[in-house]
$ cat run10.csv   # CSV, C-alpha atoms
chain,number,residue,atom,x,y,z
A,1,MET,CA,18.7,17.0,-2.8
A,2,THR,CA,17.4,17.3,-6.3
A,3,GLY,CA,13.8,16.5,-7.5
A,4,GLU,CA,14.7,13.0,-8.7
A,5,GLU,CA,16.3,12.1,-5.4
A,6,PHE,CA,13.3,13.5,-3.5
A,7,LEU,CA,10.9,11.4,-5.5
A,8,ILE,CA,12.8,8.2,-4.6
A,9,PHE,CA,11.7,8.8,-1.0
A,10,ALA,CA,8.5,10.6,-1.5
A,11,VAL,CA,6.7,8.0,-3.7
A,12,PRO,CA,7.1,5.0,-1.4
A,13,VAL,CA,6.4,7.1,1.7
A,14,GLY,CA,3.3,8.6,0.1
A,15,ALA,CA,2.1,5.2,-1.0
A,16,PHE,CA,2.6,3.8,2.5
A,17,LEU,CA,0.8,6.8,4.2
A,18,ALA,CA,-2.1,6.9,1.7
A,19,ALA,CA,-2.8,3.2,2.0
A,20,GLY,CA,-2.3,3.2,5.7
A,21,ALA,CA,-4.6,6.1,6.3
A,22,ALA,CA,-7.3,4.7,4.1
A,23,THR,CA,-7.3,1.3,5.8
A,24,TYR,CA,-7.0,2.8,9.3
A,25,PHE,CA,-10.2,4.8,8.9
A,26,ALA,CA,-12.0,1.9,7.2
A,27,ALA,CA,-11.0,-0.6,9.8
A,28,LYS,CA,-11.8,1.8,12.6
A,29,ALA,CA,-15.3,2.2,11.2
A,30,ARG,CA,-15.5,-1.6,10.6
A,31,SER,CA,-16.3,-1.1,6.9
A,32,ALA,CA,-15.7,-4.5,5.4
A,33,PRO,CA,-16.6,-3.5,1.8
A,34,ILE,CA,-14.1,-0.7,1.7
A,35,LEU,CA,-11.4,-2.9,3.2
A,36,THR,CA,-12.2,-5.6,0.7
A,37,LEU,CA,-12.1,-3.1,-2.2
A,38,LEU,CA,-8.7,-1.7,-1.0
A,39,GLY,CA,-7.3,-5.2,-0.7
A,40,LEU,CA,-8.5,-6.2,-4.1
A,41,LEU,CA,-7.1,-3.0,-5.7
A,42,TRP,CA,-3.7,-3.7,-4.2
A,43,ALA,CA,-3.8,-7.4,-5.2
A,44,GLY,CA,-4.9,-6.5,-8.7
A,45,PHE,CA,-2.1,-4.0,-9.1
A,46,THR,CA,0.5,-6.4,-7.7
A,47,GLY,CA,-0.7,-9.3,-9.9
A,48,THR,CA,-0.7,-7.1,-13.0
A,49,MET,CA,2.9,-6.0,-12.3
A,50,PHE,CA,4.0,-9.6,-11.8
A,51,PHE,CA,2.2,-10.7,-15.0
A,52,GLY,CA,3.8,-7.8,-16.9
A,53,MET,CA,7.2,-8.6,-15.5
A,54,GLU,CA,6.8,-12.2,-16.6
A,55,GLN,CA,5.8,-11.3,-20.2
A,56,ALA,CA,8.6,-8.7,-20.6
A,57,SER,CA,11.9,-9.6,-22.1
A,58,GLY,CA,15.3,-8.3,-21.3
A,59,TRP,CA,15.5,-5.0,-19.5
A,60,ASP,CA,11.8,-4.2,-20.2
A,61,GLY,CA,10.8,-5.9,-17.0
A,62,PHE,CA,12.8,-3.5,-14.9
A,63,GLY,CA,10.0,-1.0,-14.8
A,64,TYR,CA,7.7,-3.6,-13.3
A,65,VAL,CA,10.3,-4.4,-10.6
A,66,ILE,CA,10.5,-0.7,-9.8
A,67,ALA,CA,6.7,-0.4,-9.5
A,68,LEU,CA,6.6,-3.4,-7.2
A,69,ALA,CA,9.4,-2.1,-5.0
A,70,PHE,CA,8.4,1.5,-4.8
A,71,LEU,CA,4.6,1.3,-5.0
A,72,ALA,CA,3.2,-2.2,-4.3
A,73,ALA,CA,5.4,-3.1,-1.3
A,74,PRO,CA,5.0,0.1,0.6
A,75,ALA,CA,1.2,0.2,-0.1
A,76,GLY,CA,0.9,-3.4,1.0
A,77,ALA,CA,2.7,-2.6,4.3
A,78,GLY,CA,0.5,0.4,4.8
A,79,LEU,CA,-2.6,-1.6,4.2
A,80,GLY,CA,-1.6,-4.2,6.7
A,81,LEU,CA,-0.4,-1.8,9.4
A,82,GLY,CA,-3.1,0.7,8.9
A,83,GLY,CA,-5.8,-2.0,9.0
A,84,LEU,CA,-4.4,-3.6,12.1
A,85,VAL,CA,-4.0,-0.4,14.0
A,86,GLY,CA,-7.5,0.8,12.9
A,87,TRP,CA,-9.0,-2.5,13.9
A,88,LEU,CA,-7.4,-2.4,17.4
A,89,ARG,CA,-8.3,1.3,17.9
A,90,GLY,CA,-11.9,0.7,16.8
A,91,ARG,CA,-12.4,-2.0,19.4
A,92,ARG,CA,-11.9,0.4,22.3
A,93,MET,CA,-15.0,1.7,23.8
A,94,ILE,CA,-15.1,5.5,24.3
A,95,HIS,CA,-16.2,6.3,27.8
A,96,ALA,CA,-17.5,9.9,28.4
$ encode --input "run10.csv" --output "structure tokens"
Amino acid sequence: MTGEEFLIFAVPVGAFLAAGAATYFAAKARSAPILTLLGLLWAGFTGTMFFGMEQASGWDGFGYVIALAFLAAPAGAGLGLGGLVGWLRGRRMIHA
């Protein structure tokens, strides 16, 4: 597997894991401001890519589609899953 082929898998997996870990720990700690900030950052990036894709002409919009597919979608899934798991794990009471 060459470097380019590795990046096709590494970038989406890295985006998913980074977003999932960030929201997991924020949700587990019940930190609403951090969760809000992460959600707004993701929504801003996704909205910017859609706006850029709409403004582009011809093949120029293909880069925006790649950014949406390989960054925004995995990060959004990581945000949702990490937040849900962190919220559920944070509800449990630790008994010593």
$ atom_distance --input "run10.csv" --atom1 "CA of Gly63 in chain A" --atom2 "CA of Leu35 in chain A"
28.0 Å
$ closest_residue --input "run10.csv" --among "A:Ile34, A:Ala18, A:Leu7, A:Ala27" --to "Ala77 in chain A" --atoms "all atoms listed in the file"
A:Ala18
$ closest_residue --input "run10.csv" --among "A:Met49, A:Ala15, A:Ala56, A:Ala29" --to "Gly76 in chain A" --atoms "all atoms listed in the file"
A:Ala15
$ closest_residue --input "run10.csv" --among "A:Gly82, A:Arg91, A:Pro74, A:Met1" --to "Thr23 in chain A" --atoms "all atoms listed in the file"
A:Gly82
$ atom_distance --input "run10.csv" --atom1 "CA of Trp87 in chain A" --atom2 "CA of Leu37 in chain A"
16.4 Å
$ closest_residue --input "run10.csv" --among "A:Ala26, A:Trp42, A:Ala69, A:Thr36" --to "Gly83 in chain A" --atoms "all atoms listed in the file"
A:Ala26
$ closest_residue --input "run10.csv" --among "A:Trp59, A:Ala21, A:Gly47, A:Ser31" --to "Leu81 in chain A" --atoms "only C-alpha atoms"
A:Ala21
$ residues_around --input "run10.csv" --residues "Leu17 in chain A" --least-positions-apart "3" --cutoff "9 Å" --atoms "only C-alpha atoms" --output "compact mmCIF listing (two decimals) with C-alpha atoms, in the frame of the given file"
# COMPACT_ATOMS: atom_id res chain seq x y z
CA PRO A 12 7.10 5.00 -1.40
CA VAL A 13 6.40 7.10 1.70
CA GLY A 14 3.30 8.60 0.10
CA GLY A 20 -2.30 3.20 5.70
CA ALA A 21 -4.60 6.10 6.30
CA ALA A 22 -7.30 4.70 4.10
CA PRO A 74 5.00 0.10 0.60
CA ALA A 75 1.20 0.20 -0.10
CA GLY A 78 0.50 0.40 4.80
CA GLY A 82 -3.10 0.70 8.90
$ atom_distance --input "run10.csv" --atom1 "CA of Ala67 in chain A" --atom2 "CA of Phe9 in chain A"
13.5 Å
$ closest_residue --input "run10.csv" --among "A:Gly86, A:Phe16, A:Phe25, A:Gly44" --to "Ala73 in chain A" --atoms "all atoms listed in the file"
A:Phe16
